[in-house]
file coords32.pdb (PDB, C-alpha atoms, pLDDT in the B column)
ATOM      1  CA  ARG A   1      59.428  79.638  14.393  1.00 88.00           C
ATOM      2  CA  SER A   2      62.527  81.599  13.452  1.00 89.00           C
ATOM      3  CA  ILE A   3      64.768  78.590  12.803  1.00 93.00           C
ATOM      4  CA  PRO A   4      64.747  77.770   9.064  1.00 93.00           C
ATOM      5  CA  ASN A   5      63.247  74.447   7.975  1.00 95.00           C
ATOM      6  CA  LEU A   6      62.290  73.454  11.538  1.00 97.00           C
ATOM      7  CA  THR A   7      58.814  72.042  12.104  1.00 98.00           C
ATOM      8  CA  VAL A   8      57.342  73.109  15.465  1.00 97.00           C
ATOM      9  CA  ILE A   9      54.570  71.044  17.068  1.00 98.00           C
ATOM     10  CA  ASP A  10      52.697  71.817  20.302  1.00 97.00           C
ATOM     11  CA  PRO A  11      50.139  69.048  20.978  1.00 97.00           C
ATOM     12  CA  CYS A  12      47.264  69.665  23.371  1.00 95.00           C
ATOM     13  CA  ASP A  13      46.840  66.304  25.048  1.00 95.00           C
ATOM     14  CA  ALA A  14      47.877  62.660  25.365  1.00 95.00           C
ATOM     15  CA  THR A  15      45.896  61.686  22.266  1.00 96.00           C
ATOM     16  CA  GLU A  16      47.702  64.214  20.142  1.00 96.00           C
ATOM     17  CA  VAL A  17      51.125  63.466  21.664  1.00 96.00           C
ATOM     18  CA  ALA A  18      50.757  59.836  20.546  1.00 95.00           C
ATOM     19  CA  GLN A  19      49.526  60.782  17.066  1.00 97.00           C
ATOM     20  CA  ALA A  20      52.150  63.508  16.604  1.00 97.00           C
ATOM     21  CA  THR A  21      54.941  61.155  17.688  1.00 97.00           C
ATOM     22  CA  GLN A  22      53.974  58.755  14.895  1.00 97.00           C
ATOM     23  CA  ALA A  23      53.704  61.619  12.387  1.00 98.00           C
ATOM     24  CA  ILE A  24      57.170  62.866  13.389  1.00 97.00           C
ATOM     25  CA  ALA A  25      58.635  59.376  12.926  1.00 97.00           C
ATOM     26  CA  ASP A  26      57.255  59.352   9.381  1.00 97.00           C
ATOM     27  CA  TYR A  27      58.339  62.950   8.653  1.00 97.00           C
ATOM     28  CA  ASP A  28      61.489  63.803   6.699  1.00 96.00           C
ATOM     29  CA  GLY A  29      63.094  66.773   8.412  1.00 96.00           C
ATOM     30  CA  PRO A  30      63.896  68.294  11.794  1.00 97.00           C
ATOM     31  CA  VAL A  31      60.998  68.599  14.243  1.00 98.00           C
ATOM     32  CA  TYR A  32      60.688  70.166  17.676  1.00 97.00           C
ATOM     33  CA  MET A  33      57.736  68.966  19.740  1.00 97.00           C
ATOM     34  CA  ARG A  34      56.854  70.839  22.890  1.00 94.00           C
ATOM     35  CA  LEU A  35      55.648  68.377  25.507  1.00 91.00           C
ATOM     36  CA  LEU A  36      53.559  68.851  28.595  1.00 79.00           C
ATOM     37  CA  ARG A  37      55.109  67.959  31.917  1.00 76.00           C
ATOM     38  CA  GLY A  38      53.387  65.956  34.580  1.00 78.00           C
ATOM     39  CA  GLN A  39      50.172  64.095  33.941  1.00 83.00           C
ATOM     40  CA  VAL A  40      49.013  64.784  30.395  1.00 90.00           C
ATOM     41  CA  PRO A  41      45.237  65.196  30.090  1.00 91.00           C
ATOM     42  CA  VAL A  42      43.014  63.727  27.392  1.00 94.00           C
ATOM     43  CA  VAL A  43      41.011  66.431  25.617  1.00 94.00           C
ATOM     44  CA  LEU A  44      40.538  65.016  22.118  1.00 95.00           C
ATOM     45  CA  ASP A  45      38.825  61.774  21.122  1.00 93.00           C
ATOM     46  CA  GLU A  46      41.398  59.437  19.591  1.00 93.00           C
ATOM     47  CA  HIS A  47      38.740  57.967  17.275  1.00 94.00           C
ATOM     48  CA  THR A  48      37.617  61.264  15.743  1.00 94.00           C
ATOM     49  CA  HIS A  49      40.719  63.472  15.991  1.00 95.00           C
ATOM     50  CA  LYS A  50      43.489  62.897  13.486  1.00 96.00           C
ATOM     51  CA  PHE A  51      46.689  64.923  13.895  1.00 97.00           C
ATOM     52  CA  GLU A  52      48.310  66.144  10.688  1.00 97.00           C
ATOM     53  CA  ILE A  53      51.500  68.174  10.520  1.00 98.00           C
ATOM     54  CA  GLY A  54      50.649  71.677   9.303  1.00 98.00           C
ATOM     55  CA  ARG A  55      46.869  71.414   9.773  1.00 98.00           C
ATOM     56  CA  ALA A  56      44.801  73.424  12.254  1.00 98.00           C
ATOM     57  CA  LYS A  57      41.511  71.946  13.494  1.00 98.00           C
ATOM     58  CA  LEU A  58      38.308  73.806  14.305  1.00 98.00           C
ATOM     59  CA  LEU A  59      37.130  72.162  17.532  1.00 98.00           C
ATOM     60  CA  ARG A  60      34.190  74.456  18.226  1.00 98.00           C
ATOM     61  CA  ASP A  61      32.437  76.903  15.929  1.00 98.00           C
ATOM     62  CA  GLY A  62      31.223  80.342  16.908  1.00 98.00           C
ATOM     63  CA  ALA A  63      30.637  83.710  15.308  1.00 98.00           C
ATOM     64  CA  ASP A  64      31.364  86.266  18.053  1.00 98.00           C
ATOM     65  CA  VAL A  65      35.001  85.621  18.950  1.00 98.00           C
ATOM     66  CA  ALA A  66      37.678  83.204  17.788  1.00 98.00           C
ATOM     67  CA  ILE A  67      40.036  81.630  20.292  1.00 98.00           C
ATOM     68  CA  ILE A  68      43.078  80.330  18.455  1.00 98.00           C
ATOM     69  CA  SER A  69      45.073  78.090  20.761  1.00 98.00           C
ATOM     70  CA  THR A  70      47.966  75.706  20.869  1.00 97.00           C
ATOM     71  CA  GLY A  71      49.287  73.064  23.230  1.00 96.00           C
ATOM     72  CA  LEU A  72      47.807  72.711  26.685  1.00 94.00           C
ATOM     73  CA  MET A  73      45.989  76.021  26.206  1.00 97.00           C
ATOM     74  CA  THR A  74      43.501  74.285  23.879  1.00 98.00           C
ATOM     75  CA  GLY A  75      41.782  72.467  26.724  1.00 97.00           C
ATOM     76  CA  ARG A  76      41.521  75.775  28.576  1.00 98.00           C
ATOM     77  CA  ALA A  77      40.254  77.495  25.412  1.00 98.00           C
ATOM     78  CA  LEU A  78      37.445  74.943  25.124  1.00 98.00           C
ATOM     79  CA  GLU A  79      36.523  75.511  28.782  1.00 98.00           C
ATOM     80  CA  ALA A  80      36.601  79.287  28.260  1.00 98.00           C
ATOM     81  CA  ALA A  81      34.340  78.924  25.206  1.00 98.00           C
ATOM     82  CA  ALA A  82      31.865  76.925  27.297  1.00 98.00           C
ATOM     83  CA  GLU A  83      31.995  79.595  30.021  1.00 98.00           C
ATOM     84  CA  LEU A  84      31.425  82.321  27.423  1.00 98.00           C
ATOM     85  CA  ALA A  85      28.479  80.391  25.962  1.00 98.00           C
ATOM     86  CA  ASN A  86      26.788  80.610  29.363  1.00 98.00           C
ATOM     87  CA  THR A  87      26.737  84.394  28.890  1.00 97.00           C
ATOM     88  CA  GLY A  88      25.547  84.256  25.274  1.00 97.00           C
ATOM     89  CA  VAL A  89      28.945  84.662  23.589  1.00 98.00           C
ATOM     90  CA  LYS A  90      29.555  82.208  20.752  1.00 98.00           C
ATOM     91  CA  ALA A  91      33.272  81.421  20.682  1.00 98.00           C
ATOM     92  CA  ALA A  92      35.016  79.398  18.012  1.00 98.00           C
ATOM     93  CA  VAL A  93      38.057  77.388  19.124  1.00 98.00           C
ATOM     94  CA  LEU A  94      40.719  76.680  16.533  1.00 98.00           C
ATOM     95  CA  HIS A  95      43.484  74.344  17.691  1.00 98.00           C
ATOM     96  CA  VAL A  96      46.834  74.982  16.014  1.00 98.00           C
ATOM     97  CA  ALA A  97      49.034  72.029  16.968  1.00 98.00           C
ATOM     98  CA  THR A  98      51.635  72.911  14.351  1.00 98.00           C
ATOM     99  CA  ILE A  99      53.103  76.370  14.847  1.00 97.00           C
ATOM    100  CA  LYS A 100      55.364  75.864  11.841  1.00 97.00           C
ATOM    101  CA  PRO A 101      54.390  75.208   9.127  1.00 97.00           C
ATOM    102  CA  PHE A 102      51.466  77.470   9.969  1.00 97.00           C
ATOM    103  CA  ASP A 103      48.037  76.644   8.499  1.00 98.00           C
ATOM    104  CA  ARG A 104      47.491  80.034   6.898  1.00 98.00           C
ATOM    105  CA  ASP A 105      44.400  79.020   4.902  1.00 98.00           C
ATOM    106  CA  VAL A 106      42.355  77.744   7.848  1.00 98.00           C
ATOM    107  CA  VAL A 107      43.376  80.628  10.115  1.00 98.00           C
ATOM    108  CA  ALA A 108      42.678  83.236   7.402  1.00 98.00           C
ATOM    109  CA  ALA A 109      39.239  81.744   6.707  1.00 98.00           C
ATOM    110  CA  LEU A 110      38.381  82.010  10.402  1.00 98.00           C
ATOM    111  CA  LEU A 111      39.695  85.586  10.686  1.00 98.00           C
ATOM    112  CA  GLN A 112      37.645  86.647   7.656  1.00 97.00           C
ATOM    113  CA  ARG A 113      34.396  85.682   9.350  1.00 97.00           C
ATOM    114  CA  VAL A 114      35.284  86.260  13.023  1.00 97.00           C
ATOM    115  CA  PRO A 115      37.407  89.425  13.357  1.00 93.00           C
ATOM    116  CA  CYS A 116      37.594  89.416  17.178  1.00 98.00           C
ATOM    117  CA  VAL A 117      40.433  87.079  18.101  1.00 98.00           C
ATOM    118  CA  VAL A 118      42.190  85.789  21.205  1.00 98.00           C
ATOM    119  CA  THR A 119      45.331  83.728  20.847  1.00 98.00           C
ATOM    120  CA  ALA A 120      46.188  81.422  23.734  1.00 98.00           C
ATOM    121  CA  GLU A 121      49.620  79.898  24.123  1.00 96.00           C
ATOM    122  CA  ASN A 122      51.670  78.499  26.976  1.00 90.00           C
ATOM    123  CA  HIS A 123      54.719  80.278  25.686  1.00 89.00           C
ATOM    124  CA  VAL A 124      56.241  83.719  25.338  1.00 91.00           C
ATOM    125  CA  VAL A 125      53.929  85.710  23.059  1.00 92.00           C
ATOM    126  CA  THR A 126      56.865  87.249  21.174  1.00 92.00           C
ATOM    127  CA  GLY A 127      57.393  85.228  18.006  1.00 92.00           C
ATOM    128  CA  GLY A 128      54.840  82.539  18.825  1.00 93.00           C
ATOM    129  CA  LEU A 129      51.286  81.717  17.791  1.00 97.00           C
ATOM    130  CA  GLY A 130      49.977  85.227  18.458  1.00 97.00           C
ATOM    131  CA  SER A 131      52.698  86.723  16.287  1.00 96.00           C
ATOM    132  CA  ALA A 132      51.927  84.252  13.494  1.00 97.00           C
ATOM    133  CA  VAL A 133      48.233  85.190  13.608  1.00 98.00           C
ATOM    134  CA  ALA A 134      49.062  88.925  13.667  1.00 97.00           C
ATOM    135  CA  ASP A 135      51.505  88.552  10.757  1.00 97.00           C
ATOM    136  CA  LEU A 136      48.887  86.690   8.729  1.00 98.00           C
ATOM    137  CA  ALA A 137      46.212  89.311   9.431  1.00 98.00           C
ATOM    138  CA  VAL A 138      48.498  92.137   8.316  1.00 97.00           C
ATOM    139  CA  GLU A 139      49.762  90.318   5.219  1.00 97.00           C
ATOM    140  CA  ALA A 140      46.210  89.368   4.176  1.00 96.00           C
ATOM    141  CA  GLY A 141      44.866  92.876   4.853  1.00 97.00           C
ATOM    142  CA  LEU A 142      42.377  91.580   7.423  1.00 96.00           C
ATOM    143  CA  ARG A 143      41.028  93.955  10.049  1.00 95.00           C
ATOM    144  CA  VAL A 144      40.975  92.059  13.316  1.00 97.00           C
ATOM    145  CA  ARG A 145      40.968  92.897  17.001  1.00 97.00           C
ATOM    146  CA  LEU A 146      43.566  90.676  18.615  1.00 98.00           C
ATOM    147  CA  HIS A 147      44.417  89.949  22.226  1.00 98.00           C
ATOM    148  CA  LYS A 148      47.326  87.617  23.034  1.00 98.00           C
ATOM    149  CA  VAL A 149      47.143  85.419  26.125  1.00 98.00           C
ATOM    150  CA  GLY A 150      50.575  84.053  26.945  1.00 97.00           C
ATOM    151  CA  ILE A 151      53.780  84.719  28.797  1.00 95.00           C
ATOM    152  CA  PRO A 152      55.121  88.272  28.384  1.00 93.00           C
ATOM    153  CA  ASP A 153      58.592  88.951  26.994  1.00 91.00           C
ATOM    154  CA  CYS A 154      60.549  88.375  30.199  1.00 91.00           C
ATOM    155  CA  PHE A 155      62.892  86.018  31.981  1.00 91.00           C
ATOM    156  CA  CYS A 156      60.267  83.594  33.197  1.00 90.00           C
ATOM    157  CA  GLU A 157      59.936  82.231  36.675  1.00 92.00           C
ATOM    158  CA  SER A 158      59.945  78.516  37.397  1.00 91.00           C
ATOM    159  CA  GLY A 159      57.381  76.759  39.508  1.00 91.00           C
ATOM    160  CA  SER A 160      54.428  74.424  39.584  1.00 89.00           C
ATOM    161  CA  ILE A 161      51.978  74.551  36.715  1.00 87.00           C
ATOM    162  CA  PRO A 162      49.151  75.953  38.906  1.00 91.00           C
ATOM    163  CA  TYR A 163      51.462  78.698  40.188  1.00 95.00           C
ATOM    164  CA  LEU A 164      52.663  79.648  36.692  1.00 93.00           C
ATOM    165  CA  VAL A 165      49.133  79.590  35.249  1.00 94.00           C
ATOM    166  CA  LYS A 166      47.971  82.024  37.925  1.00 96.00           C
ATOM    167  CA  HIS A 167      51.128  84.171  37.840  1.00 96.00           C
ATOM    168  CA  TYR A 168      51.115  84.628  34.052  1.00 96.00           C
ATOM    169  CA  GLN A 169      47.310  84.700  33.732  1.00 97.00           C
ATOM    170  CA  LEU A 170      47.030  81.631  31.504  1.00 97.00           C
ATOM    171  CA  GLY A 171      43.865  80.137  33.010  1.00 98.00           C
ATOM    172  CA  VAL A 172      40.332  79.650  31.761  1.00 98.00           C
ATOM    173  CA  PRO A 173      39.108  82.889  33.417  1.00 98.00           C
ATOM    174  CA  ASP A 174      41.968  84.805  31.764  1.00 98.00           C
ATOM    175  CA  ILE A 175      41.099  83.508  28.286  1.00 98.00           C
ATOM    176  CA  ALA A 176      37.408  84.302  28.838  1.00 98.00           C
ATOM    177  CA  ALA A 177      38.285  87.800  30.100  1.00 98.00           C
ATOM    178  CA  ALA A 178      40.467  88.399  27.037  1.00 98.00           C
ATOM    179  CA  ALA A 179      37.561  87.361  24.809  1.00 98.00           C
ATOM    180  CA  ARG A 180      35.214  89.768  26.564  1.00 98.00           C
ATOM    181  CA  GLU A 181      37.817  92.541  26.249  1.00 97.00           C
ATOM    182  CA  VAL A 182      38.363  92.014  22.520  1.00 98.00           C
ATOM    183  CA  LEU A 183      34.585  92.114  21.981  1.00 96.00           C
ATOM    184  CA  ARG A 184      34.285  95.612  23.475  1.00 94.00           C
TER     185      ARG A 184
END

call {"tool": "encode", "arguments": {"input": "coords32.pdb", "output": "structure tokens"}}
result
Amino acid sequence: RSIPNLTVIDPCDATEVAQATQAIADYDGPVYMRLLRGQVPVVLDEHTHKFEIGRAKLLRDGADVAIISTGLMTGRALEAAAELANTGVKAAVLHVATIKPFDRDVVAALLQRVPCVVTAENHVVTGGLGSAVADLAVEAGLRVRLHKVGIPDCFCESGSIPYLVKHYQLGVPDIAAAAREVLR
């Protein structure tokens, strides 16, 4: 996010990778797209989901807690929201595929009505999605409770995706636990 004039895209699945690739080809300017390694899942319906650079998409509505996610964490956020629903917690899931430019209007509208927020990113939390949400909340004067799920500011280990998800607490149970914590 800190590189001037760079567009940053973090798609959540194979559907969005294909759509974002076409959008990047049509885009005038430098773009960085973070890709998933290994087998890329399908989370979004290619017939109903339309990727747009700079636009966040509300995938699930809820009034108790908002989970704002990016990249592969969006599939996990949807699973966490379903898990939370089983305990009576209504969780909204907002997918932010474009970290920069950041969809301030959509995120601000969600924060205004759901002030308990979890951000979920498969990235270092310093300077990423969580920081963008926190910056927006402060600049807009919004009172929110925010918990960031992501990799801490450290020299990260390498390993298999299951190992890293467990080690850095990036799984469905971790997102759900963060949502319960921010609701306290």

call {"tool": "atom_distance", "arguments": {"input": "coords32.pdb", "atom1": "atom CA of Gly54 of chain A", "atom2": "atom CA of Pro152 of chain A"}}
result
25.7 Å

call {"tool": "closest_residue", "arguments": {"input": "coords32.pdb", "among": "A:Ser158, A:Gln19, A:Thr87, A:Thr70", "to": "Lys100 of chain A", "atoms": "all atoms listed in the file"}}
result
A:Thr70

call {"tool": "resolve_selection", "arguments": {"input": "coords32.pdb", "expression": "the PyMOL selection byres ((chain A and resi 179) around 8)", "output": "PyMOL selection string"}}
result
chain A and resi 65+67+116-118+147+175-178+180-183

call {"tool": "atom_distance", "arguments": {"input": "coords32.pdb", "atom1": "atom CA of Gln169 of chain A", "atom2": "atom CA of Ile151 of chain A"}}
result
8.1 Å

call {"tool": "resolve_selection", "arguments": {"input": "coords32.pdb", "expression": "the PyMOL selection byres ((chain A and resi 37-48) around 6)", "output": "list of chain:residue names"}}
result
A:Asp13, A:Ala14, A:Thr15, A:Leu36, A:His49

call {"tool": "closest_residue", "arguments": {"input": "coords32.pdb", "among": "A:Leu72, A:Ala25, A:Leu78, A:Val144", "to": "Val165 of chain A", "atoms": "all atoms listed in the file"}}
result
A:Leu72

call {"tool": "closest_residue", "arguments": {"input": "coords32.pdb", "among": "A:Lys148, A:Arg1, A:His123, A:His95", "to": "Leu59 of chain A", "atoms": "only C-alpha atoms"}}
result
A:His95

call {"tool": "atom_distance", "arguments": {"input": "coords32.pdb", "atom1": "atom CA of Arg104 of chain A", "atom2": "atom CA of Gly88 of chain A"}}
result
28.9 Å

call {"tool": "residues_near_point", "arguments": {"input": "coords32.pdb", "point": "(60.7, 85.3, 17.4)", "cutoff": "8 Å", "atoms": "all atoms listed in the file", "output": "PDB file with C-alpha atoms, in the frame of the given file"}}
result
ATOM      1  CA  ARG A   1      59.428  79.638  14.393  1.00 88.00           C
ATOM      2  CA  SER A   2      62.527  81.599  13.452  1.00 89.00           C
ATOM      3  CA  THR A 126      56.865  87.249  21.174  1.00 92.00           C
ATOM      4  CA  GLY A 127      57.393  85.228  18.006  1.00 92.00           C
ATOM      5  CA  GLY A 128      54.840  82.539  18.825  1.00 93.00           C
TER       6      GLY A 128
END

call {"tool": "residues_near_point", "arguments": {"input": "coords32.pdb", "point": "(49.0, 65.1, 2.1)", "cutoff": "12 Å", "atoms": "only C-alpha atoms", "output": "ChimeraX atom specification"}}
result
/A:23,27,52-55

call {"tool": "resolve_selection", "arguments": {"input": "coords32.pdb", "expression": "the PyMOL selection byres ((chain A and resi 132) around 12)", "output": "PyMOL selection string"}}
result
chain A and resi 1-2+68-70+96+98-104+107-108+119+121+125-131+133-139+146+148

call {"tool": "residues_around", "arguments": {"input": "coords32.pdb", "residues": "Asp64 of chain A", "least_positions_apart": "6", "cutoff": "8 Å", "atoms": "only C-alpha atoms", "output": "list in words"}}
result
Val89, Lys90, Ala91, Ala92, Val114, Cys116 and Leu183 of chain A

call {"tool": "closest_residue", "arguments": {"input": "coords32.pdb", "among": "A:His167, A:Arg76, A:Lys57, A:Arg145", "to": "Arg184 of chain A", "atoms": "only C-alpha atoms"}}
result
A:Arg145

call {"tool": "closest_residue", "arguments": {"input": "coords32.pdb", "among": "A:Ala56, A:Leu6, A:Leu94, A:Val17", "to": "Gly29 of chain A", "atoms": "only C-alpha atoms"}}
result
A:Leu6

call {"tool": "axis_aligned_box", "arguments": {"input": "coords32.pdb", "around": "segment 135-153 of chain A", "padding_each_side": "6 Å", "output": "lines of an AutoDock Vina configuration file"}}
result
center_x = 49.8
center_y = 89.0
center_z = 16.5
size_x = 29.6
size_y = 21.9
size_z = 36.6

call {"tool": "closest_residue", "arguments": {"input": "coords32.pdb", "among": "A:Val172, A:Val31, A:Ala109, A:Met73", "to": "Ala140 of chain A", "atoms": "all atoms listed in the file"}}
result
A:Ala109

call {"tool": "build_atoms", "arguments": {"input": "coords32.pdb", "residues": "segment 155-166 of chain A", "atoms": "all heavy atoms", "output": "PDB file, in the frame of the given file"}}
result
ATOM      1  N   PHE A 155      62.238  87.211  31.468  1.00 91.00           N
ATOM      2  CA  PHE A 155      62.892  86.018  31.981  1.00 91.00           C
ATOM      3  C   PHE A 155      61.879  85.367  32.908  1.00 91.00           C
ATOM      4  O   PHE A 155      61.526  85.924  33.951  1.00 91.00           O
ATOM      5  CB  PHE A 155      64.188  86.373  32.714  1.00 91.00           C
ATOM      6  CG  PHE A 155      65.254  86.854  31.787  1.00 91.00           C
ATOM      7  CD1 PHE A 155      65.577  88.200  31.707  1.00 91.00           C
ATOM      8  CD2 PHE A 155      65.931  85.963  30.963  1.00 91.00           C
ATOM      9  CE1 PHE A 155      66.556  88.652  30.838  1.00 91.00           C
ATOM     10  CE2 PHE A 155      66.916  86.395  30.089  1.00 91.00           C
ATOM     11  CZ  PHE A 155      67.232  87.743  30.027  1.00 91.00           C
ATOM     12  N   CYS A 156      61.396  84.225  32.521  1.00 90.00           N
ATOM     13  CA  CYS A 156      60.267  83.594  33.197  1.00 90.00           C
ATOM     14  C   CYS A 156      60.678  82.917  34.498  1.00 90.00           C
ATOM     15  O   CYS A 156      61.784  82.395  34.614  1.00 90.00           O
ATOM     16  CB  CYS A 156      59.628  82.564  32.279  1.00 90.00           C
ATOM     17  SG  CYS A 156      59.051  83.276  30.741  1.00 90.00           S
ATOM     18  N   GLU A 157      59.750  82.937  35.411  1.00 92.00           N
ATOM     19  CA  GLU A 157      59.936  82.231  36.675  1.00 92.00           C
ATOM     20  C   GLU A 157      59.725  80.737  36.452  1.00 92.00           C
ATOM     21  O   GLU A 157      59.114  80.321  35.463  1.00 92.00           O
ATOM     22  CB  GLU A 157      58.916  82.719  37.702  1.00 92.00           C
ATOM     23  CG  GLU A 157      59.133  84.146  38.133  1.00 92.00           C
ATOM     24  CD  GLU A 157      58.206  84.539  39.267  1.00 92.00           C
ATOM     25  OE1 GLU A 157      57.889  83.677  40.117  1.00 92.00           O
ATOM     26  OE2 GLU A 157      57.800  85.698  39.299  1.00 92.00           O
ATOM     27  N   SER A 158      60.199  79.949  37.393  1.00 91.00           N
ATOM     28  CA  SER A 158      59.945  78.516  37.397  1.00 91.00           C
ATOM     29  C   SER A 158      59.007  78.219  38.555  1.00 91.00           C
ATOM     30  O   SER A 158      58.949  78.966  39.524  1.00 91.00           O
ATOM     31  CB  SER A 158      61.249  77.736  37.586  1.00 91.00           C
ATOM     32  OG  SER A 158      62.083  77.927  36.477  1.00 91.00           O
ATOM     33  N   GLY A 159      58.278  77.135  38.434  1.00 91.00           N
ATOM     34  CA  GLY A 159      57.381  76.759  39.508  1.00 91.00           C
ATOM     35  C   GLY A 159      56.404  75.707  39.052  1.00 91.00           C
ATOM     36  O   GLY A 159      56.487  75.186  37.942  1.00 91.00           O
ATOM     37  N   SER A 160      55.457  75.403  39.914  1.00 89.00           N
ATOM     38  CA  SER A 160      54.428  74.424  39.584  1.00 89.00           C
ATOM     39  C   SER A 160      53.530  74.991  38.492  1.00 89.00           C
ATOM     40  O   SER A 160      53.418  76.210  38.320  1.00 89.00           O
ATOM     41  CB  SER A 160      53.594  74.095  40.825  1.00 89.00           C
ATOM     42  OG  SER A 160      52.811  75.224  41.188  1.00 89.00           O
ATOM     43  N   ILE A 161      52.880  74.103  37.778  1.00 87.00           N
ATOM     44  CA  ILE A 161      51.978  74.551  36.715  1.00 87.00           C
ATOM     45  C   ILE A 161      50.864  75.435  37.279  1.00 87.00           C
ATOM     46  O   ILE A 161      50.615  76.517  36.726  1.00 87.00           O
ATOM     47  CB  ILE A 161      51.438  73.359  35.905  1.00 87.00           C
ATOM     48  CG1 ILE A 161      52.586  72.748  35.086  1.00 87.00           C
ATOM     49  CG2 ILE A 161      50.297  73.790  34.987  1.00 87.00           C
ATOM     50  CD1 ILE A 161      52.231  71.497  34.324  1.00 87.00           C
ATOM     51  N   PRO A 162      50.202  75.060  38.380  1.00 91.00           N
ATOM     52  CA  PRO A 162      49.151  75.953  38.906  1.00 91.00           C
ATOM     53  C   PRO A 162      49.686  77.349  39.262  1.00 91.00           C
ATOM     54  O   PRO A 162      49.019  78.352  38.998  1.00 91.00           O
ATOM     55  CB  PRO A 162      48.635  75.228  40.148  1.00 91.00           C
ATOM     56  CG  PRO A 162      48.926  73.789  39.882  1.00 91.00           C
ATOM     57  CD  PRO A 162      50.224  73.780  39.119  1.00 91.00           C
ATOM     58  N   TYR A 163      50.875  77.403  39.847  1.00 95.00           N
ATOM     59  CA  TYR A 163      51.462  78.698  40.188  1.00 95.00           C
ATOM     60  C   TYR A 163      51.722  79.530  38.934  1.00 95.00           C
ATOM     61  O   TYR A 163      51.371  80.710  38.871  1.00 95.00           O
ATOM     62  CB  TYR A 163      52.778  78.522  40.964  1.00 95.00           C
ATOM     63  CG  TYR A 163      53.543  79.822  41.090  1.00 95.00           C
ATOM     64  CD1 TYR A 163      53.162  80.783  42.023  1.00 95.00           C
ATOM     65  CD2 TYR A 163      54.601  80.113  40.235  1.00 95.00           C
ATOM     66  CE1 TYR A 163      53.831  81.993  42.120  1.00 95.00           C
ATOM     67  CE2 TYR A 163      55.283  81.323  40.317  1.00 95.00           C
ATOM     68  CZ  TYR A 163      54.895  82.258  41.266  1.00 95.00           C
ATOM     69  OH  TYR A 163      55.553  83.466  41.342  1.00 95.00           O
ATOM     70  N   LEU A 164      52.325  78.918  37.913  1.00 93.00           N
ATOM     71  CA  LEU A 164      52.663  79.648  36.692  1.00 93.00           C
ATOM     72  C   LEU A 164      51.411  80.090  35.932  1.00 93.00           C
ATOM     73  O   LEU A 164      51.378  81.194  35.386  1.00 93.00           O
ATOM     74  CB  LEU A 164      53.568  78.791  35.798  1.00 93.00           C
ATOM     75  CG  LEU A 164      54.949  78.491  36.380  1.00 93.00           C
ATOM     76  CD1 LEU A 164      55.673  77.468  35.514  1.00 93.00           C
ATOM     77  CD2 LEU A 164      55.766  79.756  36.552  1.00 93.00           C
ATOM     78  N   VAL A 165      50.393  79.233  35.916  1.00 94.00           N
ATOM     79  CA  VAL A 165      49.133  79.590  35.249  1.00 94.00           C
ATOM     80  C   VAL A 165      48.529  80.833  35.896  1.00 94.00           C
ATOM     81  O   VAL A 165      48.106  81.763  35.208  1.00 94.00           O
ATOM     82  CB  VAL A 165      48.133  78.411  35.282  1.00 94.00           C
ATOM     83  CG1 VAL A 165      46.728  78.850  34.883  1.00 94.00           C
ATOM     84  CG2 VAL A 165      48.625  77.292  34.376  1.00 94.00           C
ATOM     85  N   LYS A 166      48.524  80.863  37.214  1.00 96.00           N
ATOM     86  CA  LYS A 166      47.971  82.024  37.925  1.00 96.00           C
ATOM     87  C   LYS A 166      48.874  83.248  37.737  1.00 96.00           C
ATOM     88  O   LYS A 166      48.395  84.343  37.454  1.00 96.00           O
ATOM     89  CB  LYS A 166      47.800  81.704  39.405  1.00 96.00           C
ATOM     90  CG  LYS A 166      47.128  82.814  40.174  1.00 96.00           C
ATOM     91  CD  LYS A 166      46.843  82.420  41.608  1.00 96.00           C
ATOM     92  CE  LYS A 166      46.144  83.581  42.304  1.00 96.00           C
ATOM     93  NZ  LYS A 166      45.795  83.252  43.672  1.00 96.00           N
TER      94      LYS A 166
END
